[in-house]
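Engineer: Sharing a structure with you now.
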Amino acid sequence: MIKLRYSSRIFFLLLINYCAIAQEEVNPYKKLTKSFIGAVKRNEPYKNYRFFDSTFFGKMAAASAEKKINDFIRKYGNIVAIEKTEVDTQGCKMATCTSIKVSKGKFLWYHYYDQAEHIQRFEIDTFDLQWFYKPEPRENSNFSRREVTIEPNAFIRLPGSLFLPNGNKKSPIVILVHGSGPNDRNCSGGRNKVYLDMALQLVQKGISVLIYDKRTYVYQFNNPFPMDSMDYYSETIDDAVEAFNTAKKIKEIDTNKIFIAGHSQGGLCAPLIAKKCKGLKGLILLAAPGRSLLEILPEQLDYVNSLQTKNKEESEKVTNAIKWQVKNALKPDLNLKSKTMLPFGGKPKYWLMDRNYKVLEEAKTLTLPIILLQGGRDYNVTKKDYDLWVNAMAGKNNFRTFWFENLDHSFFEGRGKGKPEDVDLPNHASKSITNKIAEFVNGK
């Protein structure tokens with residue numbers, strides 16, 4: 001028998017090294033999540049309030065989480081075991097998913113954290129095929145990723161990611177501009193990341209891509225600007241223009257080949273973005289509306305409501321409430337000082353710009369190359385908008401369109417009618433879209 005002997009000093013150094021490694025492996029968001037669920041398991045619900053911030057929105061999130069947890073325990077019983085926890089980066093924020101075992105089976109608890117490590121949202125799900133986003137197998141990994149910051153003014157800092165193909169040759173670049181809502185740079189939705197898909201697909205074709213967290217995502221509940229001043233410029237246009245200016249300063253980029261790709265509302269704003277970007281090579285419109293959101297919104301609500309088989313009465317109440325708010329926004333006497341209820345808590349300035357902005361008229365004044373890509377399963381932006389674009393831009397040699405019958409608003413492939421729950425199923429943006437973008441960027 002051989003005995004191994006270490007000096008006390010060596011043993012101490014080994015112990016310190018082991019502890020350091022162990023600490024590095026403990027993700028702070030995993031630790032927070034397990035602490036939260038542990039408090040629930042020990043029946044200490046009020047201690048969970050320390051996981052939320054003290055703002056109005058934090059208190060709302062805490063109350064919502066408590067109700068969901070109480071309803072869950074009444075239906076399925078107390079927690080028996082806390083199993084594996086996974087972490088997902090969602091732009092400048094984080095999310096965790098934990099497998100929870102109760103007497104009636106296993107469930108997934110999702111926690112969504114802000115930059116200050118406070119819980120912004122809590123969800124319970126039974127989906128277990130895939131917890132978070134999984135990228136497609138890469139054709140090659142001959143690219144690099146760099147973190148960048150978009151700073152449109154002294155008060156706004158938007159974290160982003162720059163994907164660069166390796167090599168000495170300067171590359172063209174596509175800047176992806178968000179649609180409506182507070183979206184992270186990856187355009188995360190459910191278990192999918194549409195913009196990350198597109199970035200990984202395009203960079204493998206030798207095209208750089210810039211994506212960034214949307215202003216309303218970074219400052220979702222802590223706006224450094226008053227809501228009364230919010231319009232398409234402060235929400236989308238100003239940041240996209242600064243992303244363009246940032247791209248012009250990147251040494252690896254061919255500054256004569258910078259393209260803006262706007263999805264949905266980003267496409268709606270694209271003509272105004274183009275007018276502020278001197279030297280922009282081209283516009284890529286991804287499911288771009290040809291009308292105001294106020295005109296499109298009631299159609300979206302009616303379509304989604306028509307798919308409801310359960311709680312249809314409750315769905316109709318929500319639909320009618322939002323339609324009433326839309327009517328308020330369309331009233332001729334609406335002005336900046338109006339106090340009426342408007343869609344999604346928006347202020348008069350926002351909706352006045354939406355209803356007065358004529359996107360097709362703006363687009364017709366542009367001379368740079370433009371392509372429009374549209375999916376046939378898209379119920380958010382439909383063929384009605386596609387046809388409006390085709391008719392308005394008829395005869396303009398700088399404009400081309402491409403129709404993809406089997407794609408939805410996220411450019412996922414599918415069959416039949418598009419449904420809201422499609423976004424939750426694991427999927428990837430179709431390569432048919434990025435193939436067309438690559439052809440456009442390469443002048444084909």
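Residues are named by chain letter and number: chains run A, B, ... in the order of the structure tokens, numbers start at 1 in each chain, and ligands are numbered from 1 in the order shown.
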Determine which residues of segment 276-333 of chain A DSSP labels as strand (DSSP E or B) from the backbone of this structure, then write them out as a list in words.
Structural biologist: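 Residues of segment 276-333 of chain A classed as strand (DSSP E or B): Gly282, Leu283, Ile284, Leu285 and Leu286 of chain A.
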Engineer: Need to verify the contact set: Asn328 of chain A, 9 Å, only C-alpha atoms, exclusion of same-chain residues closer than 5 positions in sequence. Can you return it as number ranges by chain?
Structural biologist: A: 323, 334, 340-343
Engineer: Env of Phe163 of chain A: 6 Å cut, atoms = only C-alpha atoms, seq-sep filter 3 positions within chain, self excluded. Answer as a ChimeraX atom specification.
Structural biologist: /A:144-145,208-209
Engineer: Tell me, as a list in words, which residues lie within 10 Å of Asp114 of chain A, counting only C-alpha atoms; anything in the same chain fewer than 6 positions away does not count.
Structural biologist: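 Close residues of Asp114 of chain A: Phe52, Asp53, Gln90, Cys92, Lys93, Met94, Ala95, Gln120, Arg121, Tyr217, Val218, Tyr219, Gln220 and Phe221 of chain A.
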Engineer: When you count only C-alpha atoms, which of these residues is closest to Gln265 of chain A: A:Val359, A:Ala321, A:Leu301, A:Leu202?
Structural biologist: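 Under the stated criterion, the closest residue is A:Val359.
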Engineer: I want to know what sits within 10 Å of Ser229 of chain A, based on only C-alpha atoms, with residues of the same chain fewer than 5 positions away left out; could you give that as a CSV table (one decimal) with N, CA and C atoms, in the first residue's frame?
Structural biologist:
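Saved file part_35.csv follows:
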chain,number,residue,atom,x,y,z
A,234,SER,N,-38.1,57.7,-30.8
A,234,SER,CA,-37.4,57.4,-29.5
A,234,SER,C,-37.5,55.9,-29.3
A,235,GLU,N,-38.5,55.2,-29.8
A,235,GLU,CA,-38.6,53.8,-29.5
A,235,GLU,C,-37.7,52.9,-30.5
A,336,LEU,N,-52.1,65.9,-27.8
A,336,LEU,CA,-51.1,65.6,-26.9
A,336,LEU,C,-51.5,65.6,-25.4
A,347,LYS,N,-49.1,56.6,-25.0
A,347,LYS,CA,-49.5,58.0,-24.8
A,347,LYS,C,-50.0,58.6,-26.2
A,348,PRO,N,-50.7,59.7,-26.1
A,348,PRO,CA,-51.2,60.3,-27.4
A,348,PRO,C,-50.1,60.5,-28.4
A,349,LYS,N,-48.9,61.0,-28.1
A,349,LYS,CA,-47.9,61.3,-29.0
A,349,LYS,C,-47.5,60.1,-29.9
A,350,TYR,N,-47.5,58.9,-29.2
A,350,TYR,CA,-47.1,57.7,-29.9
A,350,TYR,C,-48.2,57.3,-31.0
Engineer: Quick one: of A:Ile69, A:Ile273, A:Ile258, A:Leu407, who's nearest to Asp239 of chain A, counting only C-alpha atoms?
Structural biologist: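 The answer is A:Ile273, which sits nearest to Asp239 of chain A.
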Engineer: Skipping near chain neighbours, those fewer than 4 positions away, what residues fall within 6 Å of Asp254 of chain A using only C-alpha atoms, listed as a list in words?
Structural biologist: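 In the requested format, the answer is Lys170, Ser171 and Pro172 of chain A.
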Engineer: Go ahead and compute the interatomic distance for atom CA of Met230 of chain A and atom CA of Trp324 of chain A, in Å to one decimal.
Structural biologist: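 Straight-line distance from atom CA of Met230 of chain A to atom CA of Trp324 of chain A works out to 21.4 Å.
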Engineer: Neighbours of segment 244-247 of chain A within 10 Å (only C-alpha atoms; same-chain residues fewer than 4 positions away dropped), as a PyMOL selection string?
Structural biologist: chain A and resi 148-152+162+172-175+208-210+238-240+251-255+258-260+273-274+276-280
Engineer: Enter the distance from atom CA of Asp213 of chain A to atom CA of Pro159 of chain A, in Å, rounded to one decimal.
Structural biologist: 5.9 Å
Engineer: As a list in words, list the residues of segment 342-389 of chain A assigned to alpha helix (DSSP H) by DSSP on the backbone atoms of this structure.
Structural biologist: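 After running DSSP on the backbone, segment 342-389 of chain A has alpha helix (DSSP H) at Pro348, Lys349, Tyr350, Trp351, Leu352, Met353, Asp354, Arg355, Asn356, Val359, Leu360, Glu361, Glu362, Ala363, Lys364, Lys383, Lys384, Asp385, Tyr386, Asp387, Leu388 and Trp389 of chain A.
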Engineer: Let's have the selection written as a compact mmCIF listing (two decimals), in the first residue's frame, with N, CA and C atoms.
Structural biologist:
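Contents of out-v3.txt, as written:
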# COMPACT_ATOMS: atom_id res chain seq x y z
N PRO A 348 -50.67 59.73 -26.14
CA PRO A 348 -51.17 60.31 -27.38
C PRO A 348 -50.11 60.54 -28.44
N LYS A 349 -48.91 61.00 -28.05
CA LYS A 349 -47.88 61.29 -29.05
C LYS A 349 -47.55 60.06 -29.87
N TYR A 350 -47.49 58.92 -29.23
CA TYR A 350 -47.14 57.67 -29.92
C TYR A 350 -48.18 57.32 -30.96
N TRP A 351 -49.45 57.33 -30.56
CA TRP A 351 -50.50 56.89 -31.46
C TRP A 351 -50.86 57.95 -32.49
N LEU A 352 -50.62 59.21 -32.20
CA LEU A 352 -50.80 60.25 -33.21
C LEU A 352 -49.80 60.07 -34.34
N MET A 353 -48.56 59.72 -33.99
CA MET A 353 -47.57 59.47 -35.04
C MET A 353 -47.96 58.24 -35.85
N ASP A 354 -48.42 57.19 -35.18
CA ASP A 354 -48.77 55.96 -35.88
C ASP A 354 -49.87 56.21 -36.91
N ARG A 355 -50.90 56.94 -36.53
CA ARG A 355 -52.04 57.11 -37.43
C ARG A 355 -51.75 58.13 -38.54
N ASN A 356 -50.81 59.02 -38.32
CA ASN A 356 -50.49 60.04 -39.32
C ASN A 356 -49.35 59.65 -40.25
N VAL A 359 -46.40 55.12 -44.42
CA VAL A 359 -45.17 54.39 -44.71
C VAL A 359 -44.96 54.22 -46.21
N LEU A 360 -46.02 53.95 -46.96
CA LEU A 360 -45.87 53.71 -48.39
C LEU A 360 -45.46 54.99 -49.13
N GLU A 361 -45.99 56.12 -48.68
CA GLU A 361 -45.61 57.39 -49.30
C GLU A 361 -44.14 57.70 -49.04
N GLU A 362 -43.69 57.39 -47.84
CA GLU A 362 -42.27 57.60 -47.51
C GLU A 362 -41.39 56.67 -48.34
N ALA A 363 -41.80 55.42 -48.47
CA ALA A 363 -41.01 54.43 -49.20
C ALA A 363 -40.87 54.81 -50.67
N LYS A 364 -41.92 55.38 -51.26
CA LYS A 364 -41.89 55.72 -52.68
C LYS A 364 -40.86 56.80 -53.00
N LYS A 383 -51.32 39.29 -46.16
CA LYS A 383 -51.21 39.54 -47.60
C LYS A 383 -51.81 40.89 -47.98
N LYS A 384 -52.73 41.35 -47.18
CA LYS A 384 -53.31 42.67 -47.44
C LYS A 384 -52.21 43.74 -47.43
N ASP A 385 -51.31 43.65 -46.47
CA ASP A 385 -50.20 44.61 -46.41
C ASP A 385 -49.21 44.37 -47.54
N TYR A 386 -48.95 43.10 -47.83
CA TYR A 386 -48.04 42.75 -48.92
C TYR A 386 -48.54 43.35 -50.24
N ASP A 387 -49.83 43.20 -50.49
CA ASP A 387 -50.41 43.73 -51.73
C ASP A 387 -50.36 45.25 -51.76
N LEU A 388 -50.53 45.88 -50.62
CA LEU A 388 -50.43 47.35 -50.56
C LEU A 388 -49.03 47.81 -50.96
N TRP A 389 -48.01 47.09 -50.49
CA TRP A 389 -46.63 47.40 -50.87
C TRP A 389 -46.43 47.20 -52.37
Engineer: If I take atom CA of Gly77 of chain A and atom CA of Lys41 of chain A, how far is one from the other in Å, to one decimal?
Structural biologist: 10.6 Å
Engineer: Can you work out which one of A:Glu147, A:Asp422, A:Glu439, A:Asp378 has the shortest atom-to-atom distance to Glu405 of chain A, counting only C-alpha atoms?
Structural biologist: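 Of the candidates, the smallest distance to Glu405 of chain A is held by A:Asp378.
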Engineer: Counting only C-alpha atoms, figure out which residue out of A:Ser141, A:Gln325, A:Ser315, A:Thr365 gets nearest to Gly346 of chain A.
Structural biologist: A:Gln325
Engineer: Rank A:Thr96, A:Ser264, A:Asn183, A:Asn320 by their smallest atom-to-atom distance to Tyr379 of chain A, using only C-alpha atoms, and report the top residue only.
Structural biologist: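 With only C-alpha atoms as the atom set, the closest residue is A:Ser264.
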